[in-house]
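Peer 1: The structure's right below; bear with me while I get my questions together.
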Amino acid sequence: MTGFDRILMTTGAVVLALIWVLPLVYAIWTAVHPSEYEARFVLSAPLTLENFVKAWNAAPFARYFLNTFILVTGIVVCQFVLCTLAAYGFARYRFPGRDILFSLVLLQLLVMPDILIVENYRTIGALGLVDTIAAIALPYVASGFGVFLIRQTFMTVPRELDEAARIEGAGPLTILWRVYVPLAKPIYLAYGLVSVSHHWNNFLWPLIVTNSVETRPVTVGLSIFSTTDSGVEWSVINAATLMTSGPLLIAFLLFQRQFVQSFMRAGIK
């Protein structure tokens with residue numbers, strides 16, 4: 001790599017980093033300063049937490065956070081269970097049509113979820129689950145990406161470990177729980193972070209299938225709050241935005257090393 005190429009790549013990386021970070025910096029600035037400093041960047045401007053108090057009191061964010069926590073936790077738990085069982089079956093068992101079924105699972109990766117919104121809504125309506133947290137979660141409780149990722153990890157486990165466990169009297173589920181799952185912990189961590197991030201930020205499907213405060217997640221609640229409750233007071237809106245995105249930012253900062261290393265290991269495998 002020549003010196004010019006190195007400079008070009010560094011410049012491009014800096015520009016992309018600025019494009020990503022400037023909106024976040026502006027949101028933080030407006031959230032911790034009075035509204036009269038929304039467009040005035042004065043270093044001596046007074047700091048305040050009043051915008052967060054206004055945002056919290058203007059909408060039922062406590063309920064939104066509870067709904068989102070229940071939603072994301074339920075989806076991740078179901079995905080871990082279903083994807084683990086499916087991945088174990090595809091990785092270690094031979095049965096008629098296995099490759100065809102696995103190909104169908106992979107085809108799910110080619111289907112955009114938005115295409116299925118109408119049919120999913122019809123199904124949820126027929127089940128009588130409209131405006132429930134279960135209605136938001138059901139289309140996502142299984143994941144083709146999760147099955148593929150975990151299966152690829154299980155394929156790297158030596159079969160000798162299976163045989164040793166069977167000699168000790170372990171059954172299939174015991175082998176899965178005692179041998180395969182512990183060896184795949186980094187992959188579970190990486191996939192869990194991706195899943196939590198995606199479903200925490202999911203907006204369109206929850207917007208369509210929920211109608212009440214009791215079921216809305218934070219993304220829908222923030223959208224309704226920013227359009228009806230607070231007008232164009234950007235300081236309050238950005239404070240609410242930081243409140244809703246703060247848990248994801250904190251989680252990424254805490255687990256970024258494990259997150260990157262997990263996907264690097266998955267790629268190497």
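In the structure tokens, chains take the letters A, B, ... in the order shown, each chain's residues start at 1, and ligands count up from 1 in the order shown.
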Excluding region 81-86 of chain A and residues on its chain fewer than 5 positions from it, collect all residues at most 10 Å away from it, counting only C-alpha atoms, and give them as a PyMOL selection string.

Peer 2: chain A and resi 76+91+102+105+141-151+154+173+176-177+180-181+188

Peer 1: May I have all residues of region 170-255 of chain A that DSSP, computed from the backbone, assigns to alpha helix (DSSP H), given as a VMD selection string?

Peer 2: chain A and resid 172 to 175 181 to 183 185 to 201 204 to 209 218 to 224 234 to 255

Peer 1: Selected residues, C-alpha atoms, written as a compact mmCIF listing (two decimals), in the first residue's frame, please.

Peer 2:
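Now in again-v7.txt:
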# COMPACT_ATOMS: atom_id res chain seq x y z
CA PRO A 172 -28.63 -35.87 23.10
CA LEU A 173 -29.98 -32.89 25.07
CA THR A 174 -27.37 -33.36 27.79
CA ILE A 175 -24.61 -33.42 25.17
CA VAL A 181 -23.50 -24.68 24.18
CA PRO A 182 -20.45 -23.91 26.39
CA LEU A 183 -18.14 -24.06 23.36
CA LYS A 185 -20.68 -18.96 24.18
CA PRO A 186 -18.80 -16.27 22.18
CA ILE A 187 -21.16 -16.81 19.26
CA TYR A 188 -24.20 -16.59 21.53
CA LEU A 189 -22.89 -13.30 22.91
CA ALA A 190 -22.33 -11.82 19.47
CA TYR A 191 -25.66 -13.00 18.11
CA GLY A 192 -27.47 -11.86 21.26
CA LEU A 193 -26.10 -8.34 20.92
CA VAL A 194 -27.12 -8.19 17.26
CA SER A 195 -30.60 -9.49 18.04
CA VAL A 196 -31.14 -7.12 20.97
CA SER A 197 -29.96 -4.15 18.93
CA HIS A 198 -32.19 -5.02 15.99
CA HIS A 199 -35.36 -5.61 17.95
CA TRP A 200 -34.77 -2.68 20.29
CA ASN A 201 -34.66 -0.40 17.22
CA LEU A 204 -42.37 -0.45 11.39
CA TRP A 205 -43.91 -3.74 12.55
CA PRO A 206 -44.50 -2.59 16.17
CA LEU A 207 -46.05 0.62 14.82
CA ILE A 208 -48.53 -1.36 12.73
CA VAL A 209 -49.49 -4.02 15.26
CA VAL A 218 -39.69 2.72 23.00
CA THR A 219 -39.25 3.26 19.25
CA VAL A 220 -42.97 3.73 18.64
CA GLY A 221 -43.40 5.69 21.85
CA LEU A 222 -40.56 8.04 20.90
CA SER A 223 -42.05 8.57 17.45
CA ILE A 224 -45.47 9.48 18.86
CA TRP A 234 -35.50 19.71 19.85
CA SER A 235 -33.77 19.80 23.22
CA VAL A 236 -36.54 17.70 24.78
CA ILE A 237 -36.84 15.42 21.74
CA ASN A 238 -33.09 14.75 21.72
CA ALA A 239 -33.14 14.11 25.46
CA ALA A 240 -35.83 11.48 24.90
CA THR A 241 -33.81 10.04 22.01
CA LEU A 242 -30.74 9.68 24.21
CA MET A 243 -32.82 8.00 26.91
CA THR A 244 -34.12 5.40 24.47
CA SER A 245 -30.81 4.76 22.71
CA GLY A 246 -28.64 5.05 25.82
CA PRO A 247 -28.96 1.38 26.91
CA LEU A 248 -27.72 0.17 23.50
CA LEU A 249 -24.79 2.61 23.50
CA ILE A 250 -23.79 1.56 27.01
CA ALA A 251 -24.09 -2.15 26.14
CA PHE A 252 -21.92 -1.71 23.05
CA LEU A 253 -19.28 0.24 24.97
CA LEU A 254 -19.19 -2.46 27.67
CA PHE A 255 -19.09 -5.45 25.30

Peer 1: Just the number, please: distance in Å from CA of Ile124 (chain A) to CA of Leu106 (chain A), one decimal.

Peer 2: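 A separation of 24.2 Å between them.
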
Peer 1: Given only C-alpha atoms as the basis, pick out the residue of A:Ala164, A:Thr123, A:Leu110, A:Thr68 nearest to Leu138 (chain A).

Peer 2: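 Counting only C-alpha atoms, the residue closest to Leu138 (chain A) is A:Thr123.
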
Peer 1: So the first atom is CA of Arg257 (chain A) and the second is CA of Tyr140 (chain A); what is the distance between them in Å, to one decimal place?

Peer 2: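 Going from CA of Arg257 (chain A) over to CA of Tyr140 (chain A), I get 26.8 Å.
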